[in-house]
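K.L.:
Here you go, this is target23.tsv (TSV, C-alpha atoms).
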chain	number	residue	atom	x	y	z
B	528	MET	CA	-36.92	161.26	82.31
B	529	SER	CA	-33.31	162.38	82.50
B	530	PRO	CA	-30.76	159.90	83.89
B	531	ALA	CA	-29.60	160.28	87.50
B	532	PRO	CA	-26.28	162.07	87.94
B	533	PRO	CA	-23.30	159.99	88.99
B	534	MET	CA	-22.30	159.77	92.65
B	535	SER	CA	-19.28	161.98	92.07
B	536	ASP	CA	-21.58	164.85	91.12
B	537	PHE	CA	-23.44	164.61	94.45
B	538	SER	CA	-20.15	164.80	96.35
B	539	THR	CA	-19.04	167.89	94.50
B	540	ALA	CA	-22.41	169.57	94.85
B	541	LEU	CA	-22.47	169.29	98.66
B	542	PRO	CA	-20.89	172.15	100.61
B	543	SER	CA	-17.42	171.43	101.91
B	544	LYS	CA	-16.85	171.11	105.66
B	545	THR	CA	-13.66	171.46	107.57
B	546	ALA	CA	-12.57	168.24	109.30
B	547	PRO	CA	-12.88	168.46	113.08
B	548	SER	CA	-9.69	168.81	115.07
B	549	VAL	CA	-8.69	165.51	116.67
B	550	PRO	CA	-6.05	165.76	119.40
B	551	GLY	CA	-4.69	162.29	118.62
B	552	VAL	CA	-3.84	163.27	115.03
B	553	ALA	CA	-1.58	166.11	116.16
B	554	ALA	CA	0.00	163.92	118.78
B	555	GLY	CA	0.53	161.19	116.20
B	556	GLY	CA	2.24	163.64	113.85
B	557	PHE	CA	4.55	164.78	116.66
B	558	LEU	CA	5.46	161.19	117.53
B	559	ASP	CA	6.03	160.42	113.87
B	560	ARG	CA	8.46	163.34	113.62
B	561	ILE	CA	10.33	162.05	116.67
B	562	ALA	CA	10.50	158.55	115.17
B	563	ALA	CA	11.75	159.97	111.86
B	564	PHE	CA	14.42	161.98	113.70
B	565	ARG	CA	15.58	158.92	115.64
B	566	HIS	CA	15.70	156.91	112.42
B	567	SER	CA	17.81	159.60	110.74
B	568	LEU	CA	20.41	159.29	113.52
B	569	ASN	CA	20.95	155.61	112.59
B	570	LEU	CA	21.80	154.72	116.19
B	571	PRO	CA	23.01	151.16	116.88
B	572	SER	CA	21.15	148.69	119.03
B	573	PRO	CA	22.41	148.71	122.66
B	574	GLY	CA	21.78	144.98	123.10
B	575	SER	CA	20.01	143.38	126.03
B	576	TRP	CA	20.52	144.22	129.71
B	577	GLU	CA	21.92	140.77	130.47
B	578	GLY	CA	24.45	141.20	127.67
B	579	LEU	CA	26.02	144.40	129.00
B	580	HIS	CA	29.23	142.57	130.04
B	581	ARG	CA	29.02	139.97	127.25
B	582	GLU	CA	32.44	140.78	125.73
B	583	MET	CA	34.20	140.46	129.07
B	584	LYS	CA	32.42	137.21	129.92
B	585	SER	CA	33.47	135.63	126.61
B	586	VAL	CA	37.13	136.27	127.48
B	587	GLN	CA	37.28	135.22	131.13
B	588	PRO	CA	37.69	131.47	131.77
B	589	THR	CA	35.15	131.51	134.65
B	590	ASN	CA	32.24	130.24	132.55
B	591	PHE	CA	34.35	127.55	130.85
B	592	MET	CA	36.14	125.94	133.81
B	593	VAL	CA	35.98	122.18	134.33
B	594	GLU	CA	36.44	120.57	137.75
B	595	GLY	CA	37.34	116.89	137.87
B	596	ALA	CA	36.51	115.14	134.62
B	597	LYS	CA	33.73	115.79	132.12
B	598	PHE	CA	32.60	114.11	128.92
B	599	ASP	CA	30.04	115.70	126.58
B	600	LEU	CA	28.51	113.90	123.63
B	601	THR	CA	26.23	115.73	121.20
B	602	SER	CA	24.29	113.93	118.46
B	603	VAL	CA	22.75	116.04	115.72
B	604	LEU	CA	19.85	113.87	114.55
B	605	SER	CA	18.39	116.41	112.14
B	606	GLN	CA	18.57	120.06	111.22
B	607	ASN	CA	16.17	120.91	114.07
B	608	PHE	CA	16.68	118.17	116.69
B	609	THR	CA	19.73	117.50	118.87
B	610	VAL	CA	20.39	115.01	121.69
B	611	MET	CA	23.06	115.62	124.37
B	612	HIS	CA	24.72	113.40	127.00
B	613	SER	CA	26.98	114.78	129.75
B	614	PHE	CA	29.00	112.84	132.33
B	615	SER	CA	30.97	114.46	135.15
B	616	TRP	CA	32.88	112.98	138.07
B	617	GLY	CA	35.89	113.65	140.31
B	618	SER	CA	34.72	117.05	141.60
B	619	ALA	CA	35.48	117.96	145.20
B	620	GLN	CA	32.24	119.97	145.51
B	621	TYR	CA	29.69	117.94	143.55
B	622	PRO	CA	28.98	114.19	143.35
B	623	PRO	CA	29.26	112.32	140.05
B	624	SER	CA	26.33	113.10	137.76
B	625	TYR	CA	24.80	112.31	134.40
B	626	HIS	CA	22.65	114.71	132.36
B	627	PHE	CA	20.49	113.87	129.36
B	628	GLY	CA	19.21	116.72	127.22
B	629	THR	CA	17.35	117.37	124.01
B	630	MET	CA	16.89	120.53	121.97
B	631	TYR	CA	14.50	121.46	119.18
B	632	ALA	CA	15.09	124.65	117.21
B	633	SER	CA	13.25	126.16	114.26
B	634	GLY	CA	12.92	129.61	112.76
B	635	LYS	CA	10.70	130.99	115.53
B	636	MET	CA	10.87	128.47	118.37
B	637	MET	CA	13.51	126.85	120.53
B	638	MET	CA	12.85	124.23	123.22
B	639	HIS	CA	15.50	122.67	125.44
B	640	GLY	CA	15.12	120.15	128.25
B	641	GLN	CA	17.60	118.42	130.54
B	642	ILE	CA	17.23	115.85	133.31
B	643	ASP	CA	19.91	114.47	135.64
B	644	ASP	CA	20.35	111.18	137.46
B	645	GLN	CA	18.80	112.65	140.65
B	646	GLY	CA	15.53	113.53	138.93
B	647	GLY	CA	16.22	117.26	138.58
B	648	LEU	CA	14.60	118.77	135.50
B	649	GLN	CA	15.54	121.95	133.66
B	650	ALA	CA	13.50	123.24	130.75
B	651	ARG	CA	13.34	126.40	128.72
B	652	ALA	CA	11.47	127.58	125.64
B	653	HIS	CA	11.91	130.65	123.45
B	654	TYR	CA	9.47	132.01	120.88
B	655	ASN	CA	10.49	134.77	118.49
B	656	TRP	CA	7.53	136.97	117.57
B	657	ALA	CA	9.51	139.04	115.07
B	658	VAL	CA	12.09	136.95	113.26
B	659	PRO	CA	14.39	139.19	111.21
B	660	PRO	CA	15.43	138.02	107.74
B	661	ALA	CA	18.78	136.31	107.51
B	662	PRO	CA	21.61	138.67	106.52
B	663	ALA	CA	23.16	138.33	103.10
B	664	ALA	CA	26.46	136.54	102.81
B	665	ALA	CA	29.68	138.49	102.59
B	666	THR	CA	30.75	139.06	98.99
B	667	GLU	CA	34.19	140.64	99.29
B	668	PRO	CA	37.28	139.37	101.16
B	669	PHE	CA	39.21	141.50	103.59
B	670	ASP	CA	41.39	144.15	101.93
B	671	PRO	CA	43.85	145.86	104.34
B	672	THR	CA	44.40	148.68	101.84
B	673	LYS	CA	40.77	149.88	102.08
B	674	PRO	CA	39.44	152.15	104.85
B	675	VAL	CA	36.87	150.90	107.34
B	676	ASP	CA	33.84	152.40	105.57
B	677	GLU	CA	34.65	150.55	102.34
B	678	GLN	CA	35.14	147.12	103.89
B	679	ASN	CA	32.46	144.52	103.15
B	680	VAL	CA	33.67	141.56	105.18
B	681	MET	CA	30.58	141.14	107.34
B	682	PRO	CA	26.98	141.66	106.16
B	683	GLU	CA	24.62	143.99	107.94
B	684	VAL	CA	22.78	142.11	110.71
B	685	PRO	CA	19.11	142.96	111.37
B	686	ARG	CA	18.81	144.70	114.73
B	687	GLN	CA	15.22	144.06	115.82
B	688	ALA	CA	13.82	141.05	117.65
B	689	SER	CA	11.07	140.25	120.15
B	690	THR	CA	11.37	137.03	122.13
B	691	SER	CA	9.27	135.49	124.90
B	692	LYS	CA	11.06	133.04	127.20
B	693	VAL	CA	9.94	130.49	129.79
B	694	THR	CA	12.44	128.77	132.09
B	695	GLY	CA	11.81	126.16	134.76
B	696	HIS	CA	13.99	124.34	137.30
B	697	PHE	CA	12.35	121.48	139.21
B	698	SER	CA	14.16	119.47	141.87
B	699	PRO	CA	13.09	116.61	144.16
B	700	ALA	CA	14.40	118.69	147.09
B	701	ALA	CA	11.86	121.07	148.60
B	702	GLY	CA	12.33	124.80	148.12
B	703	GLN	CA	14.54	124.54	145.03
B	704	ASN	CA	11.93	124.90	142.28
B	705	MET	CA	11.91	127.97	140.06
B	706	VAL	CA	9.80	129.30	137.20
B	707	GLN	CA	10.83	132.36	135.22
B	708	LEU	CA	8.78	134.29	132.65
B	709	GLU	CA	10.60	136.78	130.47
B	710	HIS	CA	10.11	138.93	127.39
B	711	ASP	CA	13.05	140.57	125.61
B	712	HIS	CA	12.33	143.21	122.96
B	713	LEU	CA	15.24	144.56	120.94
B	714	GLY	CA	14.49	147.69	118.92
B	715	SER	CA	16.62	149.53	116.40
B	716	ASP	CA	18.15	151.82	119.07
B	717	TYR	CA	16.67	150.57	122.36
B	718	SER	CA	15.85	147.38	124.27
B	719	ILE	CA	13.28	146.43	126.92
B	720	ASN	CA	13.40	143.41	129.19
B	721	VAL	CA	10.59	142.28	131.50
B	722	LYS	CA	11.13	139.36	133.86
B	723	ALA	CA	9.15	137.60	136.60
B	724	ILE	CA	10.70	134.90	138.82
B	725	ASN	CA	8.36	132.61	140.77
B	726	PRO	CA	5.39	134.97	140.34
B	727	ASN	CA	2.46	134.26	142.64
B	728	PRO	CA	-0.40	136.80	142.55
B	729	PHE	CA	-2.50	134.81	145.06
B	730	ASP	CA	-0.17	134.39	148.03
B	731	LYS	CA	-1.39	134.65	151.62
B	732	THR	CA	-2.26	137.98	153.21
B	733	PRO	CA	0.49	139.76	155.21
B	734	SER	CA	-0.08	140.62	158.85
B	735	TRP	CA	-0.89	144.25	158.03
B	736	GLY	CA	-3.17	143.38	155.11
B	737	ARG	CA	-6.95	143.28	155.04
B	738	PRO	CA	-8.37	139.84	155.96
B	739	GLY	CA	-9.67	137.84	153.04
B	740	THR	CA	-7.32	139.39	150.48
B	741	SER	CA	-4.22	138.02	148.79
B	742	SER	CA	-0.76	139.41	148.07
B	743	THR	CA	1.63	139.14	145.15
B	744	THR	CA	5.02	137.56	145.77
B	745	GLY	CA	8.01	136.87	143.56
B	746	VAL	CA	10.82	138.82	141.91
B	747	TYR	CA	9.93	141.27	139.14
B	748	GLN	CA	12.45	143.11	136.96
B	749	LEU	CA	12.07	145.83	134.34
B	750	ALA	CA	15.11	147.02	132.35
B	751	TYR	CA	15.48	149.59	129.59
B	752	LEU	CA	18.50	150.53	127.48
B	753	GLN	CA	18.71	153.44	125.04
B	754	SER	CA	21.43	154.47	122.60
B	755	LEU	CA	22.10	158.20	122.90
B	756	THR	CA	24.88	158.42	120.33
B	757	PRO	CA	26.55	155.87	118.04
B	758	THR	CA	29.00	155.15	120.88
B	759	ILE	CA	27.10	155.78	124.16
B	760	SER	CA	24.17	153.85	125.65
B	761	VAL	CA	22.51	154.33	129.04
B	762	GLY	CA	19.79	152.45	130.85
B	763	SER	CA	18.21	151.49	134.13
B	764	GLU	CA	16.78	148.41	135.83
B	765	LEU	CA	14.09	148.29	138.50
B	766	VAL	CA	13.88	145.17	140.69
B	767	TYR	CA	10.93	144.52	143.01
B	768	GLN	CA	11.56	141.56	145.31
B	769	ARG	CA	8.94	140.05	147.59
B	770	MET	CA	9.90	136.52	148.43
B	771	ALA	CA	7.41	136.39	151.36
B	772	PRO	CA	4.23	138.39	152.02
B	773	GLU	CA	5.81	139.99	155.10
B	774	SER	CA	8.85	141.53	153.38
B	775	GLU	CA	9.53	143.48	150.20
B	776	GLU	CA	12.53	145.25	148.69
B	777	THR	CA	13.05	147.57	145.74
B	778	ALA	CA	16.35	148.29	143.99
B	779	LEU	CA	17.23	150.58	141.09
B	780	SER	CA	20.38	150.17	138.99
B	781	TYR	CA	21.93	152.43	136.37
B	782	ALA	CA	24.03	151.33	133.40
B	783	PHE	CA	26.49	153.08	131.11
B	784	ARG	CA	28.09	151.59	128.01
B	785	TYR	CA	30.73	153.21	125.82
B	786	ALA	CA	31.75	151.50	122.57
B	787	PRO	CA	33.76	153.86	120.33
B	788	GLU	CA	33.83	153.22	116.62
B	789	SER	CA	36.85	151.41	115.28
B	790	THR	CA	39.33	153.74	113.60
B	791	SER	CA	41.18	151.00	111.74
B	792	PRO	CA	40.15	147.51	110.63
B	793	VAL	CA	41.40	144.43	112.41
B	794	PRO	CA	43.98	142.83	110.10
B	795	PRO	CA	44.00	139.09	109.49
B	796	PRO	CA	46.70	136.98	111.18
B	797	SER	CA	50.09	137.35	109.55
B	798	THR	CA	51.33	133.93	110.69
B	799	LEU	CA	49.24	131.94	108.20
B	800	PRO	CA	50.93	130.36	105.19
B	801	MET	CA	50.43	132.12	101.89
B	802	GLY	CA	47.09	131.22	100.32
B	803	MET	CA	45.71	129.46	103.42
B	804	PRO	CA	42.22	130.67	104.42
B	805	SER	CA	41.90	132.13	107.90
B	806	PRO	CA	40.46	129.58	110.40
B	807	PHE	CA	39.37	132.36	112.75
B	808	PRO	CA	35.86	133.83	112.75
B	809	PRO	CA	35.59	136.98	110.63
B	810	VAL	CA	35.54	140.32	112.43
B	811	ASP	CA	33.17	143.07	111.38
B	812	PRO	CA	35.45	146.04	110.55
B	813	LYS	CA	32.68	148.43	111.60
B	814	ALA	CA	32.24	146.81	115.03
B	815	ALA	CA	33.75	148.40	118.12
B	816	SER	CA	37.19	147.11	119.06
B	817	GLN	CA	36.87	148.26	122.68
B	818	VAL	CA	33.93	148.49	125.09
B	819	PHE	CA	33.62	150.02	128.56
B	820	THR	CA	30.56	149.04	130.66
B	821	SER	CA	29.56	150.05	134.16
B	822	ILE	CA	26.52	149.22	136.32
B	823	TYR	CA	25.85	150.89	139.68
B	824	SER	CA	23.17	150.00	142.22
B	825	PRO	CA	22.74	152.68	144.95
B	826	ALA	CA	20.58	150.37	147.10
B	827	THR	CA	23.31	147.74	147.47
B	828	GLY	CA	26.32	150.02	146.93
B	829	LEU	CA	27.68	147.68	144.24
B	830	LEU	CA	29.65	149.04	141.28
B	831	HIS	CA	30.48	146.58	138.49
B	832	SER	CA	32.69	147.84	135.66
B	833	SER	CA	34.45	146.07	132.81
B	834	TYR	CA	36.71	146.96	129.90
B	835	TRP	CA	37.23	144.79	126.81
B	836	ARG	CA	39.53	145.33	123.87
B	837	ARG	CA	40.23	143.37	120.69
B	838	VAL	CA	43.94	143.67	120.05
B	839	SER	CA	43.92	141.54	116.91
B	840	GLN	CA	41.81	138.88	115.26
B	841	ARG	CA	43.45	136.33	117.58
B	842	LEU	CA	43.88	138.22	120.85
B	843	GLU	CA	41.29	139.80	123.19
B	844	VAL	CA	41.97	141.28	126.63
B	845	CYS	CA	39.66	142.41	129.42
B	846	ALA	CA	39.65	143.95	132.90
B	847	GLU	CA	36.94	143.79	135.57
B	848	LEU	CA	36.37	145.84	138.72
B	849	GLN	CA	33.80	145.14	141.45
B	850	LEU	CA	33.40	147.58	144.36
B	851	LEU	CA	31.07	147.26	147.35
B	852	MET	CA	30.53	150.55	149.19
B	853	THR	CA	27.89	150.76	151.92
B	854	ALA	CA	27.43	153.37	154.65
B	855	ALA	CA	27.12	152.56	158.34
B	856	GLY	CA	23.57	152.26	159.62
B	857	LYS	CA	21.19	150.23	161.73
B	858	MET	CA	22.31	147.01	160.05
B	859	GLY	CA	25.92	147.51	161.14
B	860	PRO	CA	29.12	149.26	160.09
B	861	GLY	CA	29.77	150.22	156.50
B	862	ARG	CA	31.72	148.05	154.11
B	863	ARG	CA	34.50	148.91	151.66
B	864	GLU	CA	35.51	145.93	149.56
B	865	GLY	CA	36.87	145.55	146.08
B	866	LEU	CA	37.94	142.91	143.58
B	867	ALA	CA	39.81	143.48	140.31
B	868	SER	CA	40.87	141.03	137.63
B	869	VAL	CA	42.51	140.97	134.20
B	870	GLY	CA	42.31	138.27	131.55
B	871	PHE	CA	42.97	137.41	127.94
B	872	LYS	CA	41.74	135.09	125.21
B	873	LEU	CA	44.13	133.84	122.53
B	874	ASP	CA	43.06	131.88	119.45
B	875	THR	CA	45.48	129.69	117.52
B	876	ILE	CA	44.74	127.60	114.48
B	877	ASN	CA	43.54	124.58	116.50
B	878	SER	CA	43.11	125.83	120.08
B	879	THR	CA	41.80	128.60	122.33
B	880	ILE	CA	43.50	129.74	125.55
B	881	ARG	CA	41.75	131.76	128.27
B	882	ALA	CA	43.49	132.97	131.43
B	883	MET	CA	42.70	135.35	134.31
B	884	VAL	CA	44.26	136.61	137.54
B	885	ASP	CA	42.56	138.68	140.27
B	886	THR	CA	43.66	140.72	143.28
B	887	THR	CA	43.01	137.87	145.73
B	888	GLY	CA	45.81	135.85	144.17
B	889	ARG	CA	43.58	133.46	142.23
B	890	LEU	CA	44.98	132.35	138.89
B	891	SER	CA	42.85	130.34	136.46
B	892	ALA	CA	43.32	129.17	132.87
B	893	ILE	CA	41.69	126.81	130.38
B	894	LEU	CA	42.94	125.33	127.13
B	895	GLU	CA	40.54	124.03	124.48
B	896	GLU	CA	42.23	121.98	121.77
B	897	ARG	CA	40.24	121.12	118.64
B	898	ILE	CA	41.64	117.77	117.57
B	899	VAL	CA	39.54	117.14	114.47
B	900	GLY	CA	36.13	118.33	113.31
B	901	GLY	CA	33.60	117.76	116.09
B	902	ILE	CA	36.15	116.57	118.70
B	903	ALA	CA	37.75	118.85	121.29
B	904	PHE	CA	39.85	118.38	124.42
B	905	GLN	CA	39.74	120.73	127.43
B	906	LEU	CA	42.28	121.20	130.20
B	907	SER	CA	41.64	123.72	132.99
B	908	GLY	CA	43.36	124.65	136.21
B	909	GLU	CA	42.94	127.09	139.06
B	910	LEU	CA	45.29	128.05	141.90
B	911	ASP	CA	44.10	130.20	144.81
B	912	TYR	CA	47.03	131.66	146.73
B	913	ALA	CA	44.74	133.42	149.24
B	914	LYS	CA	43.99	130.11	150.93
B	915	GLY	CA	46.76	129.16	153.34
B	916	GLY	CA	49.23	126.35	153.07
B	917	GLY	CA	50.80	127.59	149.86
B	918	GLY	CA	47.45	127.87	148.14
B	919	GLN	CA	44.82	125.44	146.96
B	920	GLY	CA	44.27	124.34	143.40
B	921	ARG	CA	42.02	122.25	141.24
B	922	VAL	CA	42.43	120.67	137.81
B	923	GLY	CA	39.81	119.64	135.29
B	924	ILE	CA	39.79	117.57	132.12
B	925	GLY	CA	37.04	117.67	129.54
B	926	PHE	CA	36.30	115.84	126.31
B	927	VAL	CA	33.70	117.10	123.82
B	928	MET	CA	32.50	115.09	120.83
B	929	GLU	CA	29.83	115.97	118.27
B	930	ALA	CA	28.51	113.25	115.99
Do you think you could lay out the structure here as structure tokens?
P.N.:
Amino acid sequence: MSPAPPMSDFSTALPSKTAPSVPGVAAGGFLDRIAAFRHSLNLPSPGSWEGLHREMKSVQPTNFMVEGAKFDLTSVLSQNFTVMHSFSWGSAQYPPSYHFGTMYASGKMMMHGQIDDQGGLQARAHYNWAVPPAPAAATEPFDPTKPVDEQNVMPEVPRQASTSKVTGHFSPAAGQNMVQLEHDHLGSDYSINVKAINPNPFDKTPSWGRPGTSSTTGVYQLAYLQSLTPTISVGSELVYQRMAPESEETALSYAFRYAPESTSPVPPPSTLPMGMPSPFPPVDPKAASQVFTSIYSPATGLLHSSYWRRVSQRLEVCAELQLLMTAAGKMGPGRREGLASVGFKLDTINSTIRAMVDTTGRLSAILEERIVGGIAFQLSGELDYAKGGGGQGRVGIGFVMEA
């Protein structure tokens, strides 16, 4: 008896058949070609929707003001665990308060909780589903004689991330509790943000609804940003708001962001002594040195625009414009209001100064002085000339210590 032929012989002896046409294969090849084309463009990440005005917000003193007196103490117990104490008093708007907070952070997870002396609790947690690898350290110092493309001051930062977030605010007072669910996905050249605030899919039935059914209440937001060119990004945000079963509102906003490439690197400060290392954070020579951002909501008639520019490694300036334009209708006459402001941020060796003035006559400034490592002193002031009697002002003093 002759031995059986190997399996490969059976496969070659059978007649060949043409593979059936699968629509998904062709569609997959088309999508792959689009993905390859987008990858070849090497478009930058547009960032998140909430970070559209991030450069301007880092310059203005609004988010750093202190009213009355404030003392912050931070204790770093380990690489992942931190304890915080905050005391504030002397404010004309808020009573004296004490806040105790803790934070745990690891490679993929971050949890932060804070409770005050009135029993109010704030908590938030982040989980990173796609943690990018840490960028390599910079290997070459800044060389002002080299062009921008040859500089290697800052390493390339990975541009993709996917983070789920949960935030909660709970107060002893009724009607002041809030729960927010959010997912932020940052792609190589796009970003998607999904958010739900106080979602309730089983609320009571509205008057026009069918008896025995439920309704969904809450605030739901969906935002998308896309880079079209290395300098231009556009996007849109859809907000569906239904705080009560009887009422609902929908608003659509459009965003535009222009960040031209830097034509020349930002030189280091020339006021440092010879051989002294720069105490200022390094600046990526390939990063944009000016950014223009604008968001317009036709439903509310609100236009919010900002311009930011890095003049040098120490000095940043910004301008902000807010316009409210509504037409006359059943709700009343139309409105035409506007507010403009300009500000700057100046870094010295041991301090940071932020100042701003707007068209209503309000002038605000804050000075942060770093005394020694881990200890800083803050002094802020604001004067509002629009309020009669020569204007009204407020002063704040802050002390920050990290141990």
K.L.:
Excluding stretch 701-713 of chain B and residues on its chain fewer than 3 positions from it, collect all residues at most 7 Å away from it, counting all atoms listed in the file, and give them as a ChimeraX atom specification.
P.N.:
/B:574,687-698,717-725
K.L.:
Enter the distance from atom CA of B:Thr886 to atom CA of B:Glu577, in Å, rounded to one decimal.
P.N.:
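So the answer is 25.2 Å.
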K.L.:
Suppose you want the space between atom CA of B:Met636 and atom CA of B:Ser605; what is it in Å?
P.N.:
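A separation of 15.5 Å between them.
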K.L.:
With a distance cut-off of 9 Å and all atoms listed in the file, select the neighbouring residues of B:Ala815, excluding the residue or stretch itself and same-chain residues fewer than 3 positions from it, and output the selection as a list of chain:residue names.
P.N.:
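In the requested form, the answer reads B:Thr758, B:Ala786, B:Pro787, B:Glu788, B:Ser789, B:Thr790, B:Asp811, B:Pro812, B:Val818, B:Arg836, B:Arg837.
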K.L.:
Tell me, in Å to one decimal, how far atom CA of B:Leu848 is from atom CA of B:Ser824.
P.N.:
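So the answer is 14.3 Å.
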K.L.:
Given the choices B:Ser763, B:Ser907, B:Thr827, B:Asn590, which gets closest to B:Leu749 if the distance is worked out from all atoms listed in the file?
P.N.:
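Going through B:Ser763, B:Ser907, B:Thr827, B:Asn590 one by one, the smallest distance to B:Leu749 is for B:Ser763.
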K.L.:
For stretch 852-864 of chain B, please output as an mmCIF file with C-alpha atoms, keeping the file's coordinate frame all residues within 9 Å (counting all atoms listed in the file; exclusion window: fewer than 5 positions along the same chain).
P.N.:
data_model
loop_
_atom_site.group_PDB
_atom_site.id
_atom_site.type_symbol
_atom_site.label_atom_id
_atom_site.label_comp_id
_atom_site.auth_asym_id
_atom_site.auth_seq_id
_atom_site.Cartn_x
_atom_site.Cartn_y
_atom_site.Cartn_z
ATOM 1 C CA PRO B 825 22.740 152.680 144.950
ATOM 2 C CA ALA B 826 20.580 150.370 147.100
ATOM 3 C CA THR B 827 23.310 147.740 147.470
ATOM 4 C CA GLY B 828 26.320 150.020 146.930
ATOM 5 C CA LEU B 829 27.680 147.680 144.240
ATOM 6 C CA LEU B 830 29.650 149.040 141.280
#
K.L.:
Using all atoms listed in the file for the distances, tell me which of B:Val586, B:Ala657, B:Leu648, B:Ala750 is nearest to B:Ala892.
P.N.:
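Under the stated criterion, the closest residue is B:Val586.
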K.L.:
Residues within 8 Å of stretch 561-572 of chain B, please, as number ranges by chain. Count all atoms listed in the file; anything in the same chain fewer than 4 positions from it doesn't count.
P.N.:
B: 557, 686, 713-718, 754-757
K.L.:
Could you give me, as a list in words, the residues within 6 Å of stretch 595-603 of chain B, counting only C-alpha atoms and dropping anything in the same chain fewer than 3 positions from it?
P.N.:
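Surrounding residues, per the criterion: Thr609, Val610, Met611, His612, Ser613, Phe614, Ser615, Trp616, Gly617, Ser618, Gly923, Ile924, Gly925, Phe926, Val927, Met928, Glu929 and Ala930 of chain B.
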